[in-house]
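So this one's input_31.pdb, PDB, C-alpha atoms:
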ATOM      1  CA  MET A1192      61.493  -6.458  62.380  1.00  0.00           C
ATOM      2  CA  LEU A1193      57.833  -6.296  63.567  1.00  0.00           C
ATOM      3  CA  ILE A1194      57.783  -2.531  63.046  1.00  0.00           C
ATOM      4  CA  ARG A1195      58.640  -2.987  59.317  1.00  0.00           C
ATOM      5  CA  ILE A1196      56.010  -5.721  58.715  1.00  0.00           C
ATOM      6  CA  ALA A1197      53.082  -3.784  60.236  1.00  0.00           C
ATOM      7  CA  PRO A1198      53.025  -0.970  57.594  1.00  0.00           C
ATOM      8  CA  LEU A1199      53.199  -3.559  54.806  1.00  0.00           C
ATOM      9  CA  LEU A1200      50.158  -5.379  56.189  1.00  0.00           C
ATOM     10  CA  LEU A1201      48.191  -2.126  56.351  1.00  0.00           C
ATOM     11  CA  VAL A1202      49.002  -1.334  52.709  1.00  0.00           C
ATOM     12  CA  CYS A1203      47.858  -4.833  51.570  1.00  0.00           C
ATOM     13  CA  VAL A1204      44.567  -4.544  53.465  1.00  0.00           C
ATOM     14  CA  PHE A1205      43.920  -1.139  51.856  1.00  0.00           C
ATOM     15  CA  LEU A1206      44.596  -2.436  48.303  1.00  0.00           C
ATOM     16  CA  VAL A1207      42.351  -5.489  48.769  1.00  0.00           C
ATOM     17  CA  ALA A1208      39.481  -3.320  50.010  1.00  0.00           C
ATOM     18  CA  CYS A1209      39.742  -0.935  47.012  1.00  0.00           C
ATOM     19  CA  GLY A1210      39.888  -3.813  44.532  1.00  0.00           C
ATOM     20  CA  SER A1211      36.738  -5.336  46.039  1.00  0.00           C
ATOM     21  CA  LYS A1212      34.770  -2.084  45.610  1.00  0.00           C
ATOM     22  CA  LYS A1213      35.855  -1.690  41.962  1.00  0.00           C
ATOM     23  CA  ALA A1214      34.857  -5.280  41.115  1.00  0.00           C
ATOM     24  CA  GLN A1215      31.357  -4.780  42.535  1.00  0.00           C
ATOM     25  CA  ALA A1216      30.624  -1.489  40.709  1.00  0.00           C
ATOM     26  CA  PRO A1217      29.808  -2.865  37.193  1.00  0.00           C
ATOM     27  CA  ALA A1218      27.353  -5.443  38.603  1.00  0.00           C
ATOM     28  CA  THR A1219      25.439  -2.678  40.397  1.00  0.00           C
ATOM     29  CA  THR A1220      25.035  -0.490  37.264  1.00  0.00           C
ATOM     30  CA  SER A1221      24.165  -3.235  34.765  1.00  0.00           C
ATOM     31  CA  SER A1222      21.202  -4.716  36.639  1.00  0.00           C
ATOM     32  CA  PRO A1223      18.719  -1.798  36.200  1.00  0.00           C
ATOM     33  CA  SER A1224      19.575  -1.583  32.477  1.00  0.00           C
ATOM     34  CA  THR A1225      18.739  -5.254  31.913  1.00  0.00           C
ATOM     35  CA  THR A1226      15.466  -4.957  33.825  1.00  0.00           C
ATOM     36  CA  ALA A1227      14.370  -1.906  31.811  1.00  0.00           C
ATOM     37  CA  ALA A1228      15.063  -3.619  28.470  1.00  0.00           C
ATOM     38  CA  ALA A1229      13.028  -6.662  29.446  1.00  0.00           C
ATOM     39  CA  GLY A1230      10.109  -4.480  30.508  1.00  0.00           C
ATOM     40  CA  THR A1231      10.138  -2.571  27.215  1.00  0.00           C
ATOM     41  CA  THR A1232       9.996  -5.782  25.165  1.00  0.00           C
ATOM     42  CA  THR A1233       7.041  -7.092  27.145  1.00  0.00           C
ATOM     43  CA  THR A1234       5.084  -3.855  26.692  1.00  0.00           C
ATOM     44  CA  THR A1235       5.685  -3.783  22.927  1.00  0.00           C
ATOM     45  CA  THR A1236       4.595  -7.396  22.475  1.00  0.00           C
ATOM     46  CA  THR A1237       1.408  -6.877  24.478  1.00  0.00           C
ATOM     47  CA  ALA A1238       0.460  -3.783  22.475  1.00  0.00           C
ATOM     48  CA  ALA A1239       0.982  -5.582  19.153  1.00  0.00           C
ATOM     49  CA  THR A1240      -1.182  -8.580  20.044  1.00  0.00           C
ATOM     50  CA  ALA A1241      -4.005  -6.475  21.496  1.00  0.00           C
ATOM     51  CA  THR A1242      -4.851  -4.780  18.180  1.00  0.00           C
ATOM     52  CA  GLY A1243      -6.341  -6.042  14.941  1.00  0.00           C
ATOM     53  CA  PRO A1244      -4.540  -6.245  11.586  1.00  0.00           C
ATOM     54  CA  GLY A1245      -3.241  -3.161   9.836  1.00  0.00           C
ATOM     55  CA  ALA A1246      -4.467  -1.805   6.517  1.00  0.00           C
ATOM     56  CA  LEU A1247      -4.038  -3.878   3.350  1.00  0.00           C
ATOM     57  CA  GLN A1248      -1.263  -2.615   1.091  1.00  0.00           C
ATOM     58  CA  ALA A1249      -0.785  -3.372  -2.597  1.00  0.00           C
ATOM     59  CA  GLU A1250       2.582  -4.107  -4.189  1.00  0.00           C
ATOM     60  CA  VAL A1251       3.360  -2.265  -7.419  1.00  0.00           C
ATOM     61  CA  ALA A1252       5.848  -4.988  -8.325  1.00  0.00           C
ATOM     62  CA  ALA A1253       3.066  -7.602  -8.261  1.00  0.00           C
ATOM     63  CA  THR A1254       1.902  -8.957 -11.605  1.00  0.00           C
ATOM     64  CA  GLY A1255      -0.644  -6.572 -13.107  1.00  0.00           C
ATOM     65  CA  ALA A1256      -4.193  -6.019 -11.913  1.00  0.00           C
ATOM     66  CA  GLY A1257      -7.491  -7.398 -13.087  1.00  0.00           C
ATOM     67  CA  ASP A1258     -10.998  -8.545 -12.220  1.00  0.00           C
ATOM     68  CA  ILE A1259     -11.651 -11.980 -10.797  1.00  0.00           C
ATOM     69  CA  PRO A1260     -12.805 -13.950 -13.899  1.00  0.00           C
ATOM     70  CA  ASP A1261     -16.467 -14.972 -14.158  1.00  0.00           C
ATOM     71  CA  ASN A1262     -15.375 -18.603 -14.517  1.00  0.00           C
ATOM     72  CA  GLN A1263     -13.153 -18.509 -11.413  1.00  0.00           C
ATOM     73  CA  VAL A1264     -13.289 -21.702  -9.368  1.00  0.00           C
ATOM     74  CA  PHE A1265     -13.662 -21.259  -5.612  1.00  0.00           C
ATOM     75  CA  VAL A1266     -12.608 -23.661  -2.883  1.00  0.00           C
ATOM     76  CA  VAL A1267     -13.430 -23.697   0.817  1.00  0.00           C
ATOM     77  CA  TYR A1268     -10.666 -22.773   3.237  1.00  0.00           C
ATOM     78  CA  SER A1269     -11.170 -24.071   6.753  1.00  0.00           C
ATOM     79  CA  GLY A1270      -9.499 -22.336   9.691  1.00  0.00           C
ATOM     80  CA  LYS A1271      -9.833 -23.257  13.332  1.00  0.00           C
ATOM     81  CA  SER A1272     -12.714 -20.821  13.876  1.00  0.00           C
ATOM     82  CA  PHE A1273     -14.213 -20.314  10.398  1.00  0.00           C
ATOM     83  CA  ASN A1274     -14.864 -21.606   6.887  1.00  0.00           C
ATOM     84  CA  MET A1275     -14.870 -19.353   3.822  1.00  0.00           C
ATOM     85  CA  LYS A1276     -14.602 -19.650   0.057  1.00  0.00           C
ATOM     86  CA  PHE A1277     -11.448 -18.362  -1.634  1.00  0.00           C
ATOM     87  CA  PRO A1278     -10.405 -18.356  -5.322  1.00  0.00           C
ATOM     88  CA  GLU A1279      -8.564 -21.492  -6.308  1.00  0.00           C
ATOM     89  CA  GLY A1280      -4.940 -20.907  -7.329  1.00  0.00           C
ATOM     90  CA  TRP A1281      -4.411 -17.682  -5.397  1.00  0.00           C
ATOM     91  CA  THR A1282      -1.185 -17.359  -3.419  1.00  0.00           C
ATOM     92  CA  GLN A1283      -1.686 -18.096   0.271  1.00  0.00           C
ATOM     93  CA  SER A1284       0.309 -16.663   3.156  1.00  0.00           C
ATOM     94  CA  GLY A1285      -0.353 -17.386   6.793  1.00  0.00           C
ATOM     95  CA  SER A1286      -2.469 -20.248   8.082  1.00  0.00           C
ATOM     96  CA  GLY A1287      -5.106 -21.181  10.638  1.00  0.00           C
ATOM     97  CA  ASP A1288      -7.218 -18.216  11.732  1.00  0.00           C
ATOM     98  CA  ASN A1289      -4.900 -15.602  10.183  1.00  0.00           C
ATOM     99  CA  VAL A1290      -4.536 -16.074   6.455  1.00  0.00           C
ATOM    100  CA  THR A1291      -4.199 -13.974   3.297  1.00  0.00           C
ATOM    101  CA  PHE A1292      -4.887 -14.853  -0.338  1.00  0.00           C
ATOM    102  CA  ARG A1293      -3.796 -12.669  -3.248  1.00  0.00           C
ATOM    103  CA  ASP A1294      -3.617 -12.558  -7.040  1.00  0.00           C
ATOM    104  CA  LYS A1295      -2.914  -9.598  -9.350  1.00  0.00           C
ATOM    105  CA  ASN A1296      -3.129  -7.230  -6.373  1.00  0.00           C
ATOM    106  CA  ASN A1297      -6.563  -8.535  -5.450  1.00  0.00           C
ATOM    107  CA  ILE A1298      -6.096  -9.301  -1.750  1.00  0.00           C
ATOM    108  CA  VAL A1299      -8.362 -11.107   0.690  1.00  0.00           C
ATOM    109  CA  ARG A1300      -7.364 -11.416   4.339  1.00  0.00           C
ATOM    110  CA  ILE A1301      -9.123 -12.842   7.367  1.00  0.00           C
ATOM    111  CA  ALA A1302      -7.783 -12.367  10.882  1.00  0.00           C
ATOM    112  CA  ILE A1303      -9.294 -13.465  14.177  1.00  0.00           C
ATOM    113  CA  VAL A1304      -8.274 -11.826  17.443  1.00  0.00           C
ATOM    114  CA  PRO A1305      -9.726 -11.809  20.956  1.00  0.00           C
ATOM    115  CA  GLY A1306     -12.483  -9.231  21.348  1.00  0.00           C
ATOM    116  CA  SER A1307     -16.127  -8.374  21.774  1.00  0.00           C
ATOM    117  CA  ALA A1308     -18.757  -7.601  19.140  1.00  0.00           C
ATOM    118  CA  PRO A1309     -17.884  -4.534  17.045  1.00  0.00           C
ATOM    119  CA  THR A1310     -20.091  -1.473  16.788  1.00  0.00           C
ATOM    120  CA  VAL A1311     -20.332   1.177  14.093  1.00  0.00           C
ATOM    121  CA  ALA A1312     -18.526   3.580  16.437  1.00  0.00           C
ATOM    122  CA  SER A1313     -15.722   1.149  17.337  1.00  0.00           C
ATOM    123  CA  VAL A1314     -15.042   0.218  13.705  1.00  0.00           C
ATOM    124  CA  LYS A1315     -15.060   3.875  12.692  1.00  0.00           C
ATOM    125  CA  ARG A1316     -12.425   4.646  15.331  1.00  0.00           C
ATOM    126  CA  GLU A1317     -10.351   1.632  14.332  1.00  0.00           C
ATOM    127  CA  VAL A1318     -10.307   2.404  10.608  1.00  0.00           C
ATOM    128  CA  ALA A1319      -9.488   6.045  11.321  1.00  0.00           C
ATOM    129  CA  THR A1320      -6.293   4.947  13.099  1.00  0.00           C
ATOM    130  CA  LEU A1321      -5.073   2.480  10.449  1.00  0.00           C
ATOM    131  CA  LYS A1322      -1.662   3.632   9.258  1.00  0.00           C
ATOM    132  CA  GLY A1323      -1.712   4.656   5.605  1.00  0.00           C
ATOM    133  CA  ALA A1324      -5.492   4.228   5.260  1.00  0.00           C
ATOM    134  CA  THR A1325      -8.058   6.823   4.215  1.00  0.00           C
ATOM    135  CA  PRO A1326     -11.624   6.004   5.367  1.00  0.00           C
ATOM    136  CA  THR A1327     -14.300   6.231   2.689  1.00  0.00           C
ATOM    137  CA  GLY A1328     -17.800   7.051   3.904  1.00  0.00           C
ATOM    138  CA  SER A1329     -19.167   5.861   7.231  1.00  0.00           C
ATOM    139  CA  PRO A1330     -19.374   2.274   8.537  1.00  0.00           C
ATOM    140  CA  THR A1331     -22.733   0.540   8.317  1.00  0.00           C
ATOM    141  CA  SER A1332     -24.304  -2.315  10.254  1.00  0.00           C
ATOM    142  CA  LEU A1333     -25.607  -5.484   8.586  1.00  0.00           C
ATOM    143  CA  LYS A1334     -25.960  -9.213   9.168  1.00  0.00           C
ATOM    144  CA  LEU A1335     -23.892 -12.042   7.723  1.00  0.00           C
ATOM    145  CA  ASN A1336     -25.738 -15.342   7.959  1.00  0.00           C
ATOM    146  CA  GLY A1337     -27.706 -13.990  10.886  1.00  0.00           C
ATOM    147  CA  VAL A1338     -24.640 -12.665  12.749  1.00  0.00           C
ATOM    148  CA  PRO A1339     -24.528  -8.883  13.384  1.00  0.00           C
ATOM    149  CA  ALA A1340     -21.606  -7.273  11.555  1.00  0.00           C
ATOM    150  CA  VAL A1341     -20.187  -3.884  10.605  1.00  0.00           C
ATOM    151  CA  LYS A1342     -18.818  -2.927   7.188  1.00  0.00           C
ATOM    152  CA  ALA A1343     -16.376  -0.085   6.539  1.00  0.00           C
ATOM    153  CA  THR A1344     -14.419   0.975   3.455  1.00  0.00           C
ATOM    154  CA  TYR A1345     -10.974   2.541   3.206  1.00  0.00           C
ATOM    155  CA  LYS A1346      -8.278   3.179   0.601  1.00  0.00           C
ATOM    156  CA  THR A1347      -4.515   2.717   0.699  1.00  0.00           C
ATOM    157  CA  THR A1348      -1.801   3.751  -1.745  1.00  0.00           C
ATOM    158  CA  SER A1349       1.357   1.708  -2.225  1.00  0.00           C
ATOM    159  CA  ALA A1350       4.905   2.985  -2.123  1.00  0.00           C
ATOM    160  CA  PRO A1351       6.179   4.065  -5.569  1.00  0.00           C
ATOM    161  CA  ASN A1352       7.725   1.488  -7.866  1.00  0.00           C
ATOM    162  CA  ALA A1353      11.507   1.810  -7.775  1.00  0.00           C
ATOM    163  CA  VAL A1354      11.731   1.889 -11.596  1.00  0.00           C
ATOM    164  CA  THR A1355       8.547   3.533 -12.886  1.00  0.00           C
ATOM    165  CA  GLY A1356       7.564   5.580  -9.850  1.00  0.00           C
ATOM    166  CA  LYS A1357       3.976   4.373 -10.226  1.00  0.00           C
ATOM    167  CA  ARG A1358       1.751   3.823  -7.186  1.00  0.00           C
ATOM    168  CA  LEU A1359      -1.223   1.522  -6.832  1.00  0.00           C
ATOM    169  CA  THR A1360      -4.354   2.384  -4.862  1.00  0.00           C
ATOM    170  CA  LEU A1361      -6.521  -0.269  -3.238  1.00  0.00           C
ATOM    171  CA  THR A1362     -10.149   0.026  -2.223  1.00  0.00           C
ATOM    172  CA  VAL A1363     -10.773  -2.233   0.759  1.00  0.00           C
ATOM    173  CA  ASP A1364     -14.061  -3.367   2.242  1.00  0.00           C
ATOM    174  CA  ARG A1365     -13.595  -4.388   5.882  1.00  0.00           C
ATOM    175  CA  TYR A1366     -16.168  -6.579   7.624  1.00  0.00           C
ATOM    176  CA  GLU A1367     -16.101  -7.150  11.369  1.00  0.00           C
ATOM    177  CA  LEU A1368     -18.179  -9.517  13.482  1.00  0.00           C
ATOM    178  CA  ALA A1369     -17.709 -11.566  16.632  1.00  0.00           C
ATOM    179  CA  LYS A1370     -18.515 -14.926  18.169  1.00  0.00           C
ATOM    180  CA  ASN A1371     -17.454 -16.723  21.350  1.00  0.00           C
ATOM    181  CA  GLY A1372     -15.192 -13.894  22.471  1.00  0.00           C
ATOM    182  CA  LYS A1373     -13.393 -13.673  19.119  1.00  0.00           C
ATOM    183  CA  ARG A1374     -13.446 -10.686  16.780  1.00  0.00           C
ATOM    184  CA  VAL A1375     -13.389 -11.637  13.101  1.00  0.00           C
ATOM    185  CA  ILE A1376     -11.929  -9.113  10.644  1.00  0.00           C
ATOM    186  CA  VAL A1377     -12.201  -9.692   6.892  1.00  0.00           C
ATOM    187  CA  ASP A1378     -10.528  -7.319   4.405  1.00  0.00           C
ATOM    188  CA  LEU A1379     -11.421  -7.577   0.707  1.00  0.00           C
ATOM    189  CA  GLY A1380      -9.140  -5.388  -1.418  1.00  0.00           C
ATOM    190  CA  SER A1381      -9.199  -4.526  -5.118  1.00  0.00           C
ATOM    191  CA  PRO A1382      -7.102  -2.068  -7.148  1.00  0.00           C
ATOM    192  CA  VAL A1383      -9.058   1.048  -8.105  1.00  0.00           C
ATOM    193  CA  GLY A1384     -10.813   0.391 -11.417  1.00  0.00           C
ATOM    194  CA  VAL A1385     -11.117  -3.368 -10.825  1.00  0.00           C
ATOM    195  CA  ASP A1386     -14.626  -4.776 -10.345  1.00  0.00           C
ATOM    196  CA  ASN A1387     -14.778  -7.670  -7.891  1.00  0.00           C
ATOM    197  CA  VAL A1388     -18.152  -6.791  -6.371  1.00  0.00           C
ATOM    198  CA  ASP A1389     -19.962 -10.025  -7.250  1.00  0.00           C
ATOM    199  CA  ALA A1390     -17.068 -12.326  -6.362  1.00  0.00           C
ATOM    200  CA  TYR A1391     -16.398 -10.595  -3.051  1.00  0.00           C
ATOM    201  CA  ARG A1392     -20.089 -10.588  -2.157  1.00  0.00           C
ATOM    202  CA  MET A1393     -20.235 -14.334  -2.692  1.00  0.00           C
ATOM    203  CA  MET A1394     -17.086 -14.832  -0.623  1.00  0.00           C
ATOM    204  CA  ILE A1395     -18.195 -12.803   2.395  1.00  0.00           C
ATOM    205  CA  GLN A1396     -21.597 -14.469   2.313  1.00  0.00           C
ATOM    206  CA  SER A1397     -19.866 -17.854   2.403  1.00  0.00           C
ATOM    207  CA  LEU A1398     -18.222 -17.035   5.743  1.00  0.00           C
ATOM    208  CA  ARG A1399     -19.252 -19.463   8.457  1.00  0.00           C
ATOM    209  CA  LEU A1400     -18.058 -19.129  12.027  1.00  0.00           C
ATOM    210  CA  LYS A1401     -17.553 -22.252  14.112  1.00  0.00           C
TER     211      LYS A1401
END
The structure in this file should be written as structure tokens.
Amino acid sequence: MLIRIAPLLLVCVFLVACGSKKAQAPATTSSPSTTAAAGTTTTTTTAATATGPGALQAEVAATGAGDIPDNQVFVVYSGKSFNMKFPEGWTQSGSGDNVTFRDKNNIVRIAIVPGSAPTVASVKREVATLKGATPTGSPTSLKLNGVPAVKATYKTTSAPNAVTGKRLTLTVDRYELAKNGKRVIVDLGSPVGVDNVDAYRMMIQSLRLK
């Protein structure tokens, strides 16, 4: 009787050992995959927050295009780190220190990110790498209310309208300056052929950093 039971016990021990190895295998292979995915997400997020805003893009579907009227009323927008005049009634997106106002494909955006004071060389490199943007001329240095700044100009062309196939080209003046470890980037965009020079000059000169 003992001779018959012994082989059965050996078979059971062998099956239990094999089952244990198979159960542990998936856990061993899934762990590195999860770790790699988490690392990739962290890297992408860090890269996105370390750069400034991309190039302004117009929308062909937006309502028309036109100059800012001479009788336009302006109101002061106050962010955490700045004050600046914007046209009353324009559509606002964003809030705080990252906000955009637009009307008839006239677009004004201000974004504040961590960073040191810009230079002509640094702004030139930055604009040259903006996706979809074509630099126009060379950046120049100036002062805005006593604060050193750099101005650059670029153009962007929208995707074609799904119905008409038309595209819309923006001319964008970008101003960059810095204060208290923050880099301030202001983009003032107008469709080609639209004259907003006086209005945009008044707006950028109204910028006050806190």
Which residues, protein or nucleic acid, reach to within 10 Å of (-23.6, -9.6, 13.3) in the file's coordinates when using only C-alpha atoms, and can you give that as JSON, numbers by chain?
-> {"A": [1308, 1309, 1310, 1332, 1333, 1334, 1335, 1336, 1337, 1338, 1339, 1340, 1341, 1366, 1367, 1368, 1369, 1370]}
Just give me the residues with any atom within 7 Å of (-9.0, -4.0, -3.4), file coordinates, counting all atoms listed in the file, written as an mmCIF file with C-alpha atoms, keeping the file's coordinate frame.
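Below is the file that was written, part_25.cif:
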data_model
loop_
_atom_site.group_PDB
_atom_site.id
_atom_site.type_symbol
_atom_site.label_atom_id
_atom_site.label_comp_id
_atom_site.auth_asym_id
_atom_site.auth_seq_id
_atom_site.Cartn_x
_atom_site.Cartn_y
_atom_site.Cartn_z
ATOM 1 C CA ASN A 1297 -6.563 -8.535 -5.450
ATOM 2 C CA ILE A 1298 -6.096 -9.301 -1.750
ATOM 3 C CA LEU A 1361 -6.521 -0.269 -3.238
ATOM 4 C CA THR A 1362 -10.149 0.026 -2.223
ATOM 5 C CA VAL A 1363 -10.773 -2.233 0.759
ATOM 6 C CA LEU A 1379 -11.421 -7.577 0.707
ATOM 7 C CA GLY A 1380 -9.140 -5.388 -1.418
ATOM 8 C CA SER A 1381 -9.199 -4.526 -5.118
ATOM 9 C CA PRO A 1382 -7.102 -2.068 -7.148
ATOM 10 C CA VAL A 1383 -9.058 1.048 -8.105
#
Can you give me, as a ChimeraX atom specification, the residues this file yields under the PyMOL selection byres ((chain A and resi 1263-1276) around 6)?
-> /A:1260-1262,1277-1279,1287-1288,1394,1397-1401
Can you pull out every residue within 10 Å of Val1314 of chain A, counting all atoms listed in the file, but drop anything in the same chain fewer than 2 positions away, and send it as a ChimeraX atom specification?
-> /A:1309-1312,1316-1320,1329-1331,1341-1343,1365-1367
Give me the box for segment 1306-1310 of chain A as JSON, namely the centre and edge lengths in Å to one decimal of a box along x, y and z that holds every listed atom plus 5 Å on each side.
{"center_x": -16.3, "center_y": -5.4, "center_z": 19.3, "size_x": 17.6, "size_y": 17.8, "size_z": 15.0}
Pairwise distance, atom CA of Ser1307 of chain A with atom CA of Ile1376 of chain A, equals 11.9 Å
Between A:Lys1346, A:Arg1300, A:Lys1357, A:Lys1295, which one has atoms that come closest to Leu1321 of chain A, using only C-alpha atoms?
-> A:Lys1346
